[in-house]
$ cat upload38.cif   # mmCIF, C-alpha atoms
data_input
#
loop_
_atom_site.label_atom_id
_atom_site.label_comp_id
_atom_site.auth_asym_id
_atom_site.auth_seq_id
_atom_site.Cartn_x
_atom_site.Cartn_y
_atom_site.Cartn_z
CA MET A 1 59.31 94.69 123.73
CA HIS A 2 60.07 94.51 127.47
CA GLU A 3 56.56 95.82 128.13
CA VAL A 4 55.40 92.18 128.26
CA GLY A 5 57.73 91.44 131.15
CA LEU A 6 56.68 94.65 132.89
CA ALA A 7 53.00 93.78 132.37
CA GLN A 8 53.57 90.40 134.01
CA GLU A 9 55.28 92.09 136.97
CA THR A 10 52.34 94.49 137.21
CA LEU A 11 49.82 91.66 137.24
CA ASP A 12 51.87 89.73 139.84
CA LEU A 13 51.87 92.81 142.11
CA ALA A 14 48.14 93.32 141.48
CA MET A 15 47.26 89.68 142.28
CA ALA A 16 49.32 89.79 145.46
CA ALA A 17 47.60 93.00 146.57
CA ALA A 18 44.16 91.59 145.67
CA ASN A 19 44.91 88.42 147.63
CA ARG A 20 46.00 90.41 150.66
CA GLY A 21 42.76 92.37 150.39
CA GLN A 22 40.77 89.13 149.97
CA ALA A 23 39.34 90.32 146.69
CA GLN A 24 38.23 87.93 144.02
CA VAL A 25 37.98 90.10 140.95
CA ILE A 26 40.10 93.02 139.80
CA THR A 27 37.98 95.45 137.78
CA VAL A 28 40.36 98.40 137.38
CA LEU A 29 44.17 98.56 137.24
CA ARG A 30 45.69 102.04 137.67
CA VAL A 31 49.27 102.41 136.50
CA ALA A 32 51.51 105.49 136.42
CA VAL A 33 54.10 105.63 133.65
CA GLY A 34 56.83 108.25 133.79
CA GLU A 35 57.66 110.11 130.60
CA LEU A 36 61.30 109.06 130.99
CA SER A 37 60.62 105.44 131.98
CA GLY A 38 61.24 104.14 128.48
CA VAL A 39 57.88 102.40 128.48
CA GLU A 40 55.51 102.61 125.55
CA VAL A 41 52.06 103.12 127.03
CA GLU A 42 50.04 101.38 124.33
CA ALA A 43 52.38 98.38 124.29
CA LEU A 44 52.00 98.10 128.06
CA ARG A 45 48.21 98.33 127.80
CA PHE A 46 48.10 95.63 125.13
CA ALA A 47 50.37 93.34 127.14
CA LEU A 48 48.31 93.85 130.32
CA GLU A 49 45.04 93.08 128.55
CA THR A 50 46.49 89.99 126.92
CA LEU A 51 48.21 88.58 130.00
CA ALA A 52 45.19 89.27 132.21
CA LYS A 53 43.08 86.73 130.35
CA ASP A 54 42.28 83.73 132.56
CA THR A 55 43.27 85.65 135.67
CA PRO A 56 41.11 87.53 138.22
CA ALA A 57 42.05 90.68 136.31
CA ALA A 58 40.52 89.46 133.04
CA GLY A 59 38.64 92.29 131.36
CA ALA A 60 39.82 94.83 133.93
CA ARG A 61 39.85 98.44 132.80
CA ILE A 62 43.44 99.61 132.41
CA GLU A 63 43.93 103.23 133.42
CA ILE A 64 47.37 104.58 132.59
CA GLU A 65 48.41 107.96 133.89
CA LYS A 66 51.40 109.55 132.17
CA VAL A 67 53.68 111.30 134.64
CA PRO A 68 55.50 114.29 133.12
CA ALA A 69 59.25 114.67 133.56
CA ARG A 70 60.57 117.30 135.98
CA ALA A 71 64.14 118.33 136.55
CA TYR A 72 65.77 120.60 139.10
CA CYS A 73 68.15 123.47 138.46
CA GLU A 74 70.55 124.02 141.36
CA THR A 75 71.61 127.44 140.10
CA CYS A 76 68.06 128.79 140.06
CA ALA A 77 66.88 126.51 142.89
CA ALA A 78 63.79 125.77 140.86
CA ALA A 79 62.12 122.78 139.28
CA PHE A 80 61.12 122.83 135.63
CA ALA A 81 59.40 120.62 133.08
CA ALA A 82 61.94 118.49 131.24
CA THR A 83 61.44 116.38 128.14
CA VAL A 84 63.04 113.20 127.01
CA HIS A 85 65.39 115.31 124.91
CA ALA A 86 66.11 118.37 126.95
CA TYR A 87 67.07 119.09 130.51
CA ALA A 88 67.95 122.73 129.96
CA CYS A 89 66.67 125.10 132.63
CA PRO A 90 64.29 127.62 131.00
CA ARG A 91 65.62 130.42 133.26
CA CYS A 92 69.37 130.11 132.96
CA GLY A 93 69.76 127.67 130.07
CA ARG A 94 72.04 125.37 132.05
CA VAL A 95 71.63 121.65 131.32
CA CYS A 96 70.59 119.99 134.58
CA PRO A 97 70.76 116.22 134.86
CA GLN A 98 68.94 116.09 138.18
CA VAL A 99 65.63 114.51 137.26
CA THR A 100 63.11 114.67 140.07
CA GLN A 101 60.10 113.06 138.44
CA GLY A 102 59.21 111.03 135.37
CA LYS A 103 61.39 107.92 135.61
CA ASP A 104 58.92 105.94 137.69
CA LEU A 105 56.75 103.05 136.74
CA ARG A 106 54.16 102.31 139.42
CA LEU A 107 51.13 100.25 140.13
CA VAL A 108 49.05 102.94 141.83
CA SER A 109 45.84 101.21 142.85
CA LEU A 110 43.26 98.56 142.03
CA GLU A 111 39.53 98.45 142.07
CA VAL A 112 38.35 95.08 143.25
CA GLN A 113 35.26 93.14 144.23
CA MET B 1 31.75 87.52 150.99
CA CYS B 2 28.18 88.69 150.84
CA GLU B 3 27.32 90.56 154.02
CA GLU B 4 23.59 90.06 153.60
CA CYS B 5 23.44 86.31 153.55
CA GLY B 6 26.98 85.14 154.22
CA CYS B 7 26.87 82.85 151.22
CA GLY B 8 30.55 83.27 150.45
CA LEU B 9 29.91 84.26 146.86
CA THR B 10 30.63 87.64 145.41
CA THR B 11 28.34 87.40 142.40
CA ASN B 12 24.59 87.75 142.28
CA GLU B 13 24.07 84.42 140.55
CA PRO B 14 21.08 82.33 141.63
CA THR B 15 22.27 80.37 144.63
CA SER B 16 21.38 77.05 146.10
CA HIS B 17 22.01 76.47 149.78
CA ALA B 18 20.72 74.34 152.57
CA HIS B 19 18.27 75.68 155.12
CA SER B 20 17.89 74.40 158.64
CA HIS B 21 14.65 72.67 157.73
CA GLY B 22 16.66 70.21 155.67
CA HIS B 23 15.50 70.71 152.08
CA PRO B 24 17.72 72.70 149.74
CA HIS B 25 16.08 74.95 147.19
CA THR B 26 17.10 77.59 144.69
CA HIS B 27 16.15 81.21 144.93
CA HIS B 28 17.44 84.48 143.62
CA HIS B 29 18.87 86.90 146.10
CA GLY B 30 17.59 89.78 144.03
CA HIS B 31 20.33 92.16 145.12
CA THR B 32 23.67 93.11 143.66
CA HIS B 33 26.79 92.76 145.71
CA ASP B 34 28.02 96.28 145.32
CA ASP B 35 31.20 95.77 147.33
CA ALA B 36 33.60 97.33 144.84
CA ARG B 37 36.49 98.98 146.63
CA VAL B 38 39.86 100.48 145.94
CA ILE B 39 43.15 98.97 147.08
CA GLU B 40 46.02 101.42 147.13
CA VAL B 41 49.22 99.70 146.02
CA ARG B 42 51.73 102.43 145.11
CA GLN B 43 54.48 99.97 144.34
CA SER B 44 57.17 100.23 141.71
CA ILE B 45 56.46 97.77 138.92
CA LEU B 46 60.16 97.04 138.85
CA SER B 47 60.25 96.45 142.61
CA ARG B 48 61.23 92.80 142.21
CA ASN B 49 64.09 93.72 139.88
CA GLU B 50 65.07 96.57 142.19
CA ARG B 51 65.21 94.20 145.16
CA LEU B 52 67.37 91.73 143.27
CA ALA B 53 69.57 94.54 141.96
CA GLU B 54 70.18 95.68 145.55
CA ARG B 55 71.16 92.12 146.42
CA ASN B 56 73.64 92.09 143.53
CA ARG B 57 74.96 95.49 144.59
CA GLY B 58 75.47 94.18 148.11
CA MET B 59 77.39 91.18 146.78
CA PHE B 60 79.64 93.45 144.69
CA MET B 61 80.34 95.67 147.68
CA ALA B 62 81.01 92.75 150.00
CA HIS B 63 83.54 91.32 147.56
CA GLY B 64 85.06 94.63 146.53
CA VAL B 65 84.00 94.18 142.92
CA THR B 66 83.32 97.16 140.66
CA ALA B 67 80.60 96.17 138.21
CA VAL B 68 80.36 98.03 134.91
CA ASN B 69 77.26 97.66 132.73
CA LEU B 70 78.06 98.09 129.01
CA MET B 71 75.07 98.89 126.83
CA SER B 72 74.75 99.66 123.13
CA SER B 73 72.99 98.66 119.97
CA PRO B 74 74.17 95.37 118.42
CA GLY B 75 77.47 95.72 116.62
CA SER B 76 78.74 98.87 118.35
CA GLY B 77 81.83 97.05 119.54
CA LYS B 78 81.16 96.00 123.14
CA THR B 79 82.87 92.65 122.72
CA ALA B 80 85.75 94.13 120.70
CA TRP B 81 86.40 96.73 123.40
CA LEU B 82 86.41 94.04 126.08
CA GLU B 83 88.78 91.92 124.00
CA HIS B 84 91.04 94.94 123.79
CA ILE B 85 90.91 95.41 127.57
CA PHE B 86 91.95 91.82 128.26
CA ALA B 87 94.69 92.00 125.64
CA ALA B 88 95.99 95.21 127.21
CA GLU B 89 95.76 93.97 130.81
CA PRO B 90 96.47 90.24 130.75
CA GLY B 91 96.69 89.92 134.55
CA LEU B 92 93.60 91.97 135.38
CA SER B 93 91.42 90.26 137.98
CA ALA B 94 88.26 90.78 135.99
CA ALA B 95 85.46 88.74 134.52
CA VAL B 96 82.75 89.30 131.94
CA ILE B 97 79.11 88.30 131.93
CA THR B 98 77.79 88.64 128.42
CA GLY B 99 74.16 88.52 127.30
CA ASP B 100 72.76 87.62 123.91
CA LEU B 101 69.53 86.10 122.69
CA ALA B 102 71.42 83.07 121.40
CA THR B 103 74.87 81.50 120.92
CA GLU B 104 77.92 81.33 123.17
CA ASN B 105 79.98 83.22 120.57
CA ASP B 106 80.77 86.27 122.65
CA ALA B 107 81.86 84.28 125.71
CA GLN B 108 84.09 82.17 123.48
CA ARG B 109 85.61 85.26 121.87
CA LEU B 110 86.31 86.73 125.29
CA GLN B 111 87.73 83.48 126.65
CA THR B 112 90.06 83.37 123.66
CA ALA B 113 91.13 86.89 124.60
CA GLY B 114 92.00 85.58 128.07
CA ALA B 115 88.90 86.63 129.98
CA ARG B 116 86.90 84.64 132.46
CA ALA B 117 83.54 84.89 130.70
CA VAL B 118 80.05 83.60 131.42
CA GLN B 119 77.41 83.69 128.68
CA ILE B 120 73.76 84.35 129.44
CA THR B 121 71.48 83.39 126.60
CA THR B 122 68.15 85.10 127.11
CA GLY B 123 66.10 83.32 124.45
CA THR B 124 63.70 86.02 123.38
CA VAL B 125 64.30 88.46 126.23
CA CYS B 126 65.68 91.77 125.00
CA HIS B 127 67.70 92.80 128.07
CA LEU B 128 69.50 91.44 131.11
CA ASP B 129 67.73 91.77 134.44
CA ALA B 130 68.97 91.51 138.00
CA HIS B 131 67.68 87.96 138.36
CA LEU B 132 69.48 86.64 135.27
CA LEU B 133 72.63 88.39 136.42
CA HIS B 134 72.36 86.96 139.92
CA HIS B 135 72.44 83.41 138.56
CA ALA B 136 75.36 84.17 136.29
CA LEU B 137 77.23 85.56 139.31
CA GLU B 138 76.96 82.15 140.96
CA GLN B 139 79.36 80.87 138.32
CA LEU B 140 82.09 83.39 139.17
CA PRO B 141 84.56 83.52 142.09
CA LEU B 142 83.61 87.08 143.11
CA ALA B 143 86.05 87.09 146.03
CA GLU B 144 88.93 86.81 143.55
CA LEU B 145 87.71 89.60 141.28
CA ASN B 146 88.17 93.36 141.29
CA TRP B 147 86.19 94.12 138.15
CA LEU B 148 83.12 92.72 136.50
CA PHE B 149 82.07 93.81 133.04
CA ILE B 150 78.48 93.11 132.12
CA GLU B 151 77.99 93.11 128.37
CA ASN B 152 74.27 93.71 128.06
CA VAL B 153 72.09 92.43 125.22
CA GLY B 154 72.67 94.60 122.15
CA ASN B 155 69.66 96.91 122.35
CA LEU B 156 69.38 100.65 122.87
CA VAL B 157 65.91 100.55 124.39
CA CYS B 158 65.09 97.93 126.99
CA PRO B 159 68.30 97.50 129.04
CA ALA B 160 67.87 101.12 130.20
CA SER B 161 64.97 100.17 132.46
CA PHE B 162 66.68 97.37 134.36
CA ASP B 163 69.07 98.12 137.17
CA LEU B 164 71.45 95.19 137.55
CA GLY B 165 73.14 96.44 140.71
CA GLU B 166 76.11 97.81 138.78
CA GLN B 167 78.10 100.82 139.98
CA LEU B 168 78.87 102.24 136.54
CA ARG B 169 76.84 102.49 133.36
CA VAL B 170 78.64 102.87 130.07
CA VAL B 171 76.84 103.40 126.77
CA LEU B 172 78.78 102.67 123.57
CA MET B 173 77.95 104.38 120.32
CA SER B 174 79.97 103.75 117.20
CA VAL B 175 80.80 106.47 114.70
CA THR B 176 79.01 104.50 111.99
CA GLU B 177 75.64 104.75 113.75
CA GLY B 178 74.92 108.41 113.16
CA GLU B 179 75.60 111.40 115.39
CA ASP B 180 71.96 111.77 116.44
CA LYS B 181 71.74 108.34 118.14
CA PRO B 182 71.43 109.95 121.59
CA LEU B 183 68.46 112.03 120.39
CA LYS B 184 66.75 109.01 118.85
CA TYR B 185 67.29 106.74 121.87
CA PRO B 186 67.58 109.20 124.74
CA VAL B 187 66.44 107.03 127.64
CA ILE B 188 69.46 104.73 127.66
CA PHE B 189 71.77 107.76 127.73
CA HIS B 190 69.98 109.43 130.66
CA ASP B 191 71.73 107.40 133.35
CA ALA B 192 75.04 106.86 131.56
CA ASP B 193 78.19 107.63 133.52
CA LEU B 194 80.24 107.45 130.33
CA VAL B 195 79.63 107.40 126.59
CA LEU B 196 82.30 105.59 124.59
CA LEU B 197 82.46 106.73 120.97
CA THR B 198 83.75 103.53 119.39
CA LYS B 199 85.37 102.77 116.02
CA ILE B 200 86.87 106.25 116.02
CA ASP B 201 89.46 104.98 113.54
CA LEU B 202 86.61 105.04 110.99
CA ALA B 203 85.59 108.62 111.77
CA ASP B 204 87.07 110.15 108.63
CA ALA B 205 85.81 107.39 106.34
CA VAL B 206 82.20 107.89 107.50
CA GLU B 207 82.57 111.69 107.82
CA PHE B 208 81.70 111.52 111.50
CA ASP B 209 80.71 114.94 112.84
CA ARG B 210 82.25 115.09 116.36
CA GLU B 211 80.64 118.37 117.23
CA ARG B 212 77.16 117.15 116.40
CA ALA B 213 77.65 113.91 118.31
CA ASN B 214 79.01 115.66 121.40
CA THR B 215 76.19 118.19 121.34
CA ALA B 216 73.62 115.39 121.12
CA ILE B 217 75.23 113.52 124.03
CA ARG B 218 75.48 116.69 126.16
CA GLN B 219 71.83 117.40 125.50
CA VAL B 220 70.45 114.09 126.81
CA ALA B 221 73.28 113.03 129.12
CA PRO B 222 74.95 116.15 130.52
CA GLN B 223 76.36 114.11 133.41
CA ALA B 224 78.23 111.62 131.23
CA GLY B 225 81.90 111.63 130.34
CA ILE B 226 82.75 111.15 126.66
CA ILE B 227 85.75 109.15 125.42
CA GLU B 228 86.61 108.47 121.79
CA CYS B 229 88.09 105.04 121.37
CA SER B 230 89.08 102.31 118.96
CA ALA B 231 89.55 98.67 119.84
CA LYS B 232 91.56 98.34 116.66
CA THR B 233 94.16 101.06 117.25
CA GLY B 234 93.94 101.35 121.04
CA THR B 235 92.96 105.01 120.84
CA GLY B 236 91.28 106.15 124.05
CA TYR B 237 92.43 103.22 126.15
CA ASP B 238 94.45 105.33 128.59
CA ALA B 239 91.57 107.77 128.97
CA TRP B 240 89.24 104.83 129.69
CA ARG B 241 91.58 103.42 132.33
CA ASP B 242 92.00 106.81 133.97
CA TRP B 243 88.26 107.35 133.94
CA LEU B 244 87.64 104.03 135.69
CA ASP B 245 90.29 104.79 138.30
CA ARG B 246 88.91 108.26 138.89
CA LYS B 247 85.34 106.99 139.19
CA THR B 248 86.08 104.14 141.54
CA GLN B 249 88.94 105.57 143.60
CA ARG B 250 89.76 102.12 144.76
CA PRO B 251 93.02 100.74 146.03
CA HIS B 252 93.55 98.34 143.14
CA ARG B 253 93.89 100.49 140.09
CA PHE B 254 92.69 99.34 136.70
CA THR B 255 95.88 97.64 135.63
CA SER B 256 97.15 94.14 135.49
CA GLU B 257 100.00 94.71 137.96
#
$ encode --input "upload38.cif" --output "structure tokens"
Amino acid sequence: MHEVGLAQETLDLAMAAANRGQAQVITVLRVAVGELSGVEVEALRFALETLAKDTPAAGARIEIEKVPARAYCETCAAAFAATVHAYACPRCGRVCPQVTQGKDLRLVSLEVQ
Amino acid sequence: MCEECGCGLTTNEPTSHAHSHGHPHTHHHGHTHDDARVIEVRQSILSRNERLAERNRGMFMAHGVTAVNLMSSPGSGKTAWLEHIFAAEPGLSAAVITGDLATENDAQRLQTAGARAVQITTGTVCHLDAHLLHHALEQLPLAELNWLFIENVGNLVCPASFDLGEQLRVVLMSVTEGEDKPLKYPVIFHDADLVLLTKIDLADAVEFDRERANTAIRQVAPQAGIIECSAKTGTGYDAWRDWLDRKTQRPHRFTSE
């Protein structure tokens, strides 16, 4: 449900960046969504498309890249792929809470005219 | 702007403009303005919330306030636990900011229990954010407080994404909710400093499986402490107080004296 609020923040950031770049139309919005960010990708896409109407981003293509979760095991000094449910190191089995990637939610870039 | 003719338009619509010989006429440029380009942004979508959360954090630090964010599904016993705290520590220099979609009920309950409480009603918004919290903070004398409890909107999904500037995150989970709650709603548990297993006085009645619940919590939140508690019987209160004191290591311990 909070995807609507996040979509509005995304569009605000995009408009500000487009303004700084003196662009009039945003044709592509590229967003990175971490696997652990708690954001539902399709809900975010729907909210972006809906909120973009009547803005310079109306009809823009929404490209969402899912960023996989990574965690770090201090015992093995190695990173490994984590999931939303498991942070156990595949080498030693220890549960490692140190998440190094996958919590982020970023506006990566725009294509503009 | 079009680099070919300097017309100031970015589309290839037919354009009318004045020529030096004084009679305007319409013609088609006959070329597309292929000036598409990429703007790198690389900004966190929550950057505004993160900025405001840092401001809140700075205010807490400046005033020596420890802020504790309490999150759970509706009905897990956040308000009851807070009522118990204020009953147990009547002189505690603490306040509560409580969030709900509607009504002032929780703030009234907490005020009755002796707490200084500010209600945030969010309307349709499913979580507290740093901006809402910042305005609620304006209603509290932070300089006089040692502790601030933030009772988030009852919701196990959305509050997880919004840093409020708090120092401690506590997730409550009642024994009536099912031992696999952490597996079903893992994200909110990921950053928890503590999981409070509430309504433990009902554990036998609902055949609560401690082992399963602890295993589920350890799996998604290995960093979190776990305390079983009951606002009704006071079980777990001492462990809670010790945990807060251990975590904060501050001069004013979590007592009313």
$ closest_residue --input "upload38.cif" --among "B:Pro182, B:Gly225, B:Gly64, B:Gly234" --to "Ala86 in chain A" --atoms "all atoms listed in the file"
B:Pro182
$ atom_distance --input "upload38.cif" --atom1 "CA of Ala23 in chain A" --atom2 "CA of Ala52 in chain A"
15.7 Å
$ interface_residues --input "upload38.cif" --of "chain A" --to "chain B" --cutoff "8 Å" --atoms "only C-alpha atoms" --output "NGL selection string"
:A and (1-2 or 6 or 9-10 or 13-14 or 17-18 or 21 or 24 or 36-38 or 84-88 or 95-97 or 104-113)
$ write_last_selection --input "upload38.cif" --atoms "C-alpha atoms" --output "PDB file, keeping the file's coordinate frame"
ATOM      1  CA  MET A   1      59.310  94.690 123.730  1.00  0.00           C
ATOM      2  CA  HIS A   2      60.070  94.510 127.470  1.00  0.00           C
ATOM      3  CA  LEU A   6      56.680  94.650 132.890  1.00  0.00           C
ATOM      4  CA  GLU A   9      55.280  92.090 136.970  1.00  0.00           C
ATOM      5  CA  THR A  10      52.340  94.490 137.210  1.00  0.00           C
ATOM      6  CA  LEU A  13      51.870  92.810 142.110  1.00  0.00           C
ATOM      7  CA  ALA A  14      48.140  93.320 141.480  1.00  0.00           C
ATOM      8  CA  ALA A  17      47.600  93.000 146.570  1.00  0.00           C
ATOM      9  CA  ALA A  18      44.160  91.590 145.670  1.00  0.00           C
ATOM     10  CA  GLY A  21      42.760  92.370 150.390  1.00  0.00           C
ATOM     11  CA  GLN A  24      38.230  87.930 144.020  1.00  0.00           C
ATOM     12  CA  LEU A  36      61.300 109.060 130.990  1.00  0.00           C
ATOM     13  CA  SER A  37      60.620 105.440 131.980  1.00  0.00           C
ATOM     14  CA  GLY A  38      61.240 104.140 128.480  1.00  0.00           C
ATOM     15  CA  VAL A  84      63.040 113.200 127.010  1.00  0.00           C
ATOM     16  CA  HIS A  85      65.390 115.310 124.910  1.00  0.00           C
ATOM     17  CA  ALA A  86      66.110 118.370 126.950  1.00  0.00           C
ATOM     18  CA  TYR A  87      67.070 119.090 130.510  1.00  0.00           C
ATOM     19  CA  ALA A  88      67.950 122.730 129.960  1.00  0.00           C
ATOM     20  CA  VAL A  95      71.630 121.650 131.320  1.00  0.00           C
ATOM     21  CA  CYS A  96      70.590 119.990 134.580  1.00  0.00           C
ATOM     22  CA  PRO A  97      70.760 116.220 134.860  1.00  0.00           C
ATOM     23  CA  ASP A 104      58.920 105.940 137.690  1.00  0.00           C
ATOM     24  CA  LEU A 105      56.750 103.050 136.740  1.00  0.00           C
ATOM     25  CA  ARG A 106      54.160 102.310 139.420  1.00  0.00           C
ATOM     26  CA  LEU A 107      51.130 100.250 140.130  1.00  0.00           C
ATOM     27  CA  VAL A 108      49.050 102.940 141.830  1.00  0.00           C
ATOM     28  CA  SER A 109      45.840 101.210 142.850  1.00  0.00           C
ATOM     29  CA  LEU A 110      43.260  98.560 142.030  1.00  0.00           C
ATOM     30  CA  GLU A 111      39.530  98.450 142.070  1.00  0.00           C
ATOM     31  CA  VAL A 112      38.350  95.080 143.250  1.00  0.00           C
ATOM     32  CA  GLN A 113      35.260  93.140 144.230  1.00  0.00           C
TER      33      GLN A 113
END
$ residues_around --input "upload38.cif" --residues "Glu74 in chain A" --least-positions-apart "5" --cutoff "10 Å" --atoms "all atoms listed in the file" --output "mmCIF file with C-alpha atoms, in the coordinates of the input"
data_model
loop_
_atom_site.group_PDB
_atom_site.id
_atom_site.type_symbol
_atom_site.label_atom_id
_atom_site.label_comp_id
_atom_site.auth_asym_id
_atom_site.auth_seq_id
_atom_site.Cartn_x
_atom_site.Cartn_y
_atom_site.Cartn_z
ATOM 1 C CA ALA A 79 62.120 122.780 139.280
ATOM 2 C CA CYS A 89 66.670 125.100 132.630
ATOM 3 C CA ARG A 94 72.040 125.370 132.050
ATOM 4 C CA CYS A 96 70.590 119.990 134.580
ATOM 5 C CA GLN A 98 68.940 116.090 138.180
#
$ resolve_selection --input "upload38.cif" --expression "the PyMOL selection byres ((chain B and resi 178) around 10)" --output "PyMOL selection string"
chain B and resi 173-177+179-182+184+206-209+212-213
$ resolve_selection --input "upload38.cif" --expression "the PyMOL selection byres ((chain B and resi 89) around 12)" --output "CSV table (one decimal) with C-alpha atoms, in the coordinates of the input"
chain,number,residue,atom,x,y,z
B,82,LEU,CA,86.4,94.0,126.1
B,83,GLU,CA,88.8,91.9,124.0
B,84,HIS,CA,91.0,94.9,123.8
B,85,ILE,CA,90.9,95.4,127.6
B,86,PHE,CA,92.0,91.8,128.3
B,87,ALA,CA,94.7,92.0,125.6
B,88,ALA,CA,96.0,95.2,127.2
B,90,PRO,CA,96.5,90.2,130.8
B,91,GLY,CA,96.7,89.9,134.6
B,92,LEU,CA,93.6,92.0,135.4
B,93,SER,CA,91.4,90.3,138.0
B,94,ALA,CA,88.3,90.8,136.0
B,113,ALA,CA,91.1,86.9,124.6
B,114,GLY,CA,92.0,85.6,128.1
B,115,ALA,CA,88.9,86.6,130.0
B,237,TYR,CA,92.4,103.2,126.2
B,238,ASP,CA,94.4,105.3,128.6
B,241,ARG,CA,91.6,103.4,132.3
B,253,ARG,CA,93.9,100.5,140.1
B,254,PHE,CA,92.7,99.3,136.7
B,255,THR,CA,95.9,97.6,135.6
B,256,SER,CA,97.2,94.1,135.5
B,257,GLU,CA,100.0,94.7,138.0
$ residues_around --input "upload38.cif" --residues "Val67 in chain A" --least-positions-apart "4" --cutoff "12 Å" --atoms "all atoms listed in the file" --output "mmCIF file with C-alpha atoms, in the coordinates of the input"
data_model
loop_
_atom_site.group_PDB
_atom_site.id
_atom_site.type_symbol
_atom_site.label_atom_id
_atom_site.label_comp_id
_atom_site.auth_asym_id
_atom_site.auth_seq_id
_atom_site.Cartn_x
_atom_site.Cartn_y
_atom_site.Cartn_z
ATOM 1 C CA VAL A 31 49.270 102.410 136.500
ATOM 2 C CA ALA A 32 51.510 105.490 136.420
ATOM 3 C CA VAL A 33 54.100 105.630 133.650
ATOM 4 C CA GLY A 34 56.830 108.250 133.790
ATOM 5 C CA GLU A 35 57.660 110.110 130.600
ATOM 6 C CA LEU A 36 61.300 109.060 130.990
ATOM 7 C CA SER A 37 60.620 105.440 131.980
ATOM 8 C CA VAL A 39 57.880 102.400 128.480
ATOM 9 C CA VAL A 41 52.060 103.120 127.030
ATOM 10 C CA ALA A 81 59.400 120.620 133.080
ATOM 11 C CA ALA A 82 61.940 118.490 131.240
ATOM 12 C CA THR A 83 61.440 116.380 128.140
ATOM 13 C CA THR A 100 63.110 114.670 140.070
ATOM 14 C CA GLN A 101 60.100 113.060 138.440
ATOM 15 C CA GLY A 102 59.210 111.030 135.370
ATOM 16 C CA LYS A 103 61.390 107.920 135.610
ATOM 17 C CA ASP A 104 58.920 105.940 137.690
ATOM 18 C CA LEU A 105 56.750 103.050 136.740
ATOM 19 C CA ARG A 106 54.160 102.310 139.420
ATOM 20 C CA VAL A 108 49.050 102.940 141.830
#
$ residues_around --input "upload38.cif" --residues "Ala43 in chain A" --least-positions-apart "3" --cutoff "9 Å" --atoms "only C-alpha atoms" --output "ChimeraX atom specification"
/A:1,3-4,39-40,46-48
$ atom_distance --input "upload38.cif" --atom1 "CA of Arg70 in chain A" --atom2 "CA of Ile217 in chain B"
19.3 Å
$ atom_distance --input "upload38.cif" --atom1 "CA of Leu52 in chain B" --atom2 "CA of His134 in chain B"
7.7 Å
$ residues_near_point --input "upload38.cif" --point "(78.7, 83.8, 139.9)" --cutoff "12 Å" --atoms "all atoms listed in the file" --output "tab-separated table (two decimals) with C-alpha atoms, in the frame of the given file"
chain	number	residue	atom	x	y	z
B	56	ASN	CA	73.64	92.09	143.53
B	59	MET	CA	77.39	91.18	146.78
B	60	PHE	CA	79.64	93.45	144.69
B	63	HIS	CA	83.54	91.32	147.56
B	95	ALA	CA	85.46	88.74	134.52
B	96	VAL	CA	82.75	89.30	131.94
B	97	ILE	CA	79.11	88.30	131.93
B	116	ARG	CA	86.90	84.64	132.46
B	117	ALA	CA	83.54	84.89	130.70
B	118	VAL	CA	80.05	83.60	131.42
B	119	GLN	CA	77.41	83.69	128.68
B	120	ILE	CA	73.76	84.35	129.44
B	131	HIS	CA	67.68	87.96	138.36
B	132	LEU	CA	69.48	86.64	135.27
B	133	LEU	CA	72.63	88.39	136.42
B	134	HIS	CA	72.36	86.96	139.92
B	135	HIS	CA	72.44	83.41	138.56
B	136	ALA	CA	75.36	84.17	136.29
B	137	LEU	CA	77.23	85.56	139.31
B	138	GLU	CA	76.96	82.15	140.96
B	139	GLN	CA	79.36	80.87	138.32
B	140	LEU	CA	82.09	83.39	139.17
B	141	PRO	CA	84.56	83.52	142.09
B	142	LEU	CA	83.61	87.08	143.11
B	143	ALA	CA	86.05	87.09	146.03
B	144	GLU	CA	88.93	86.81	143.55
B	145	LEU	CA	87.71	89.60	141.28
B	148	LEU	CA	83.12	92.72	136.50
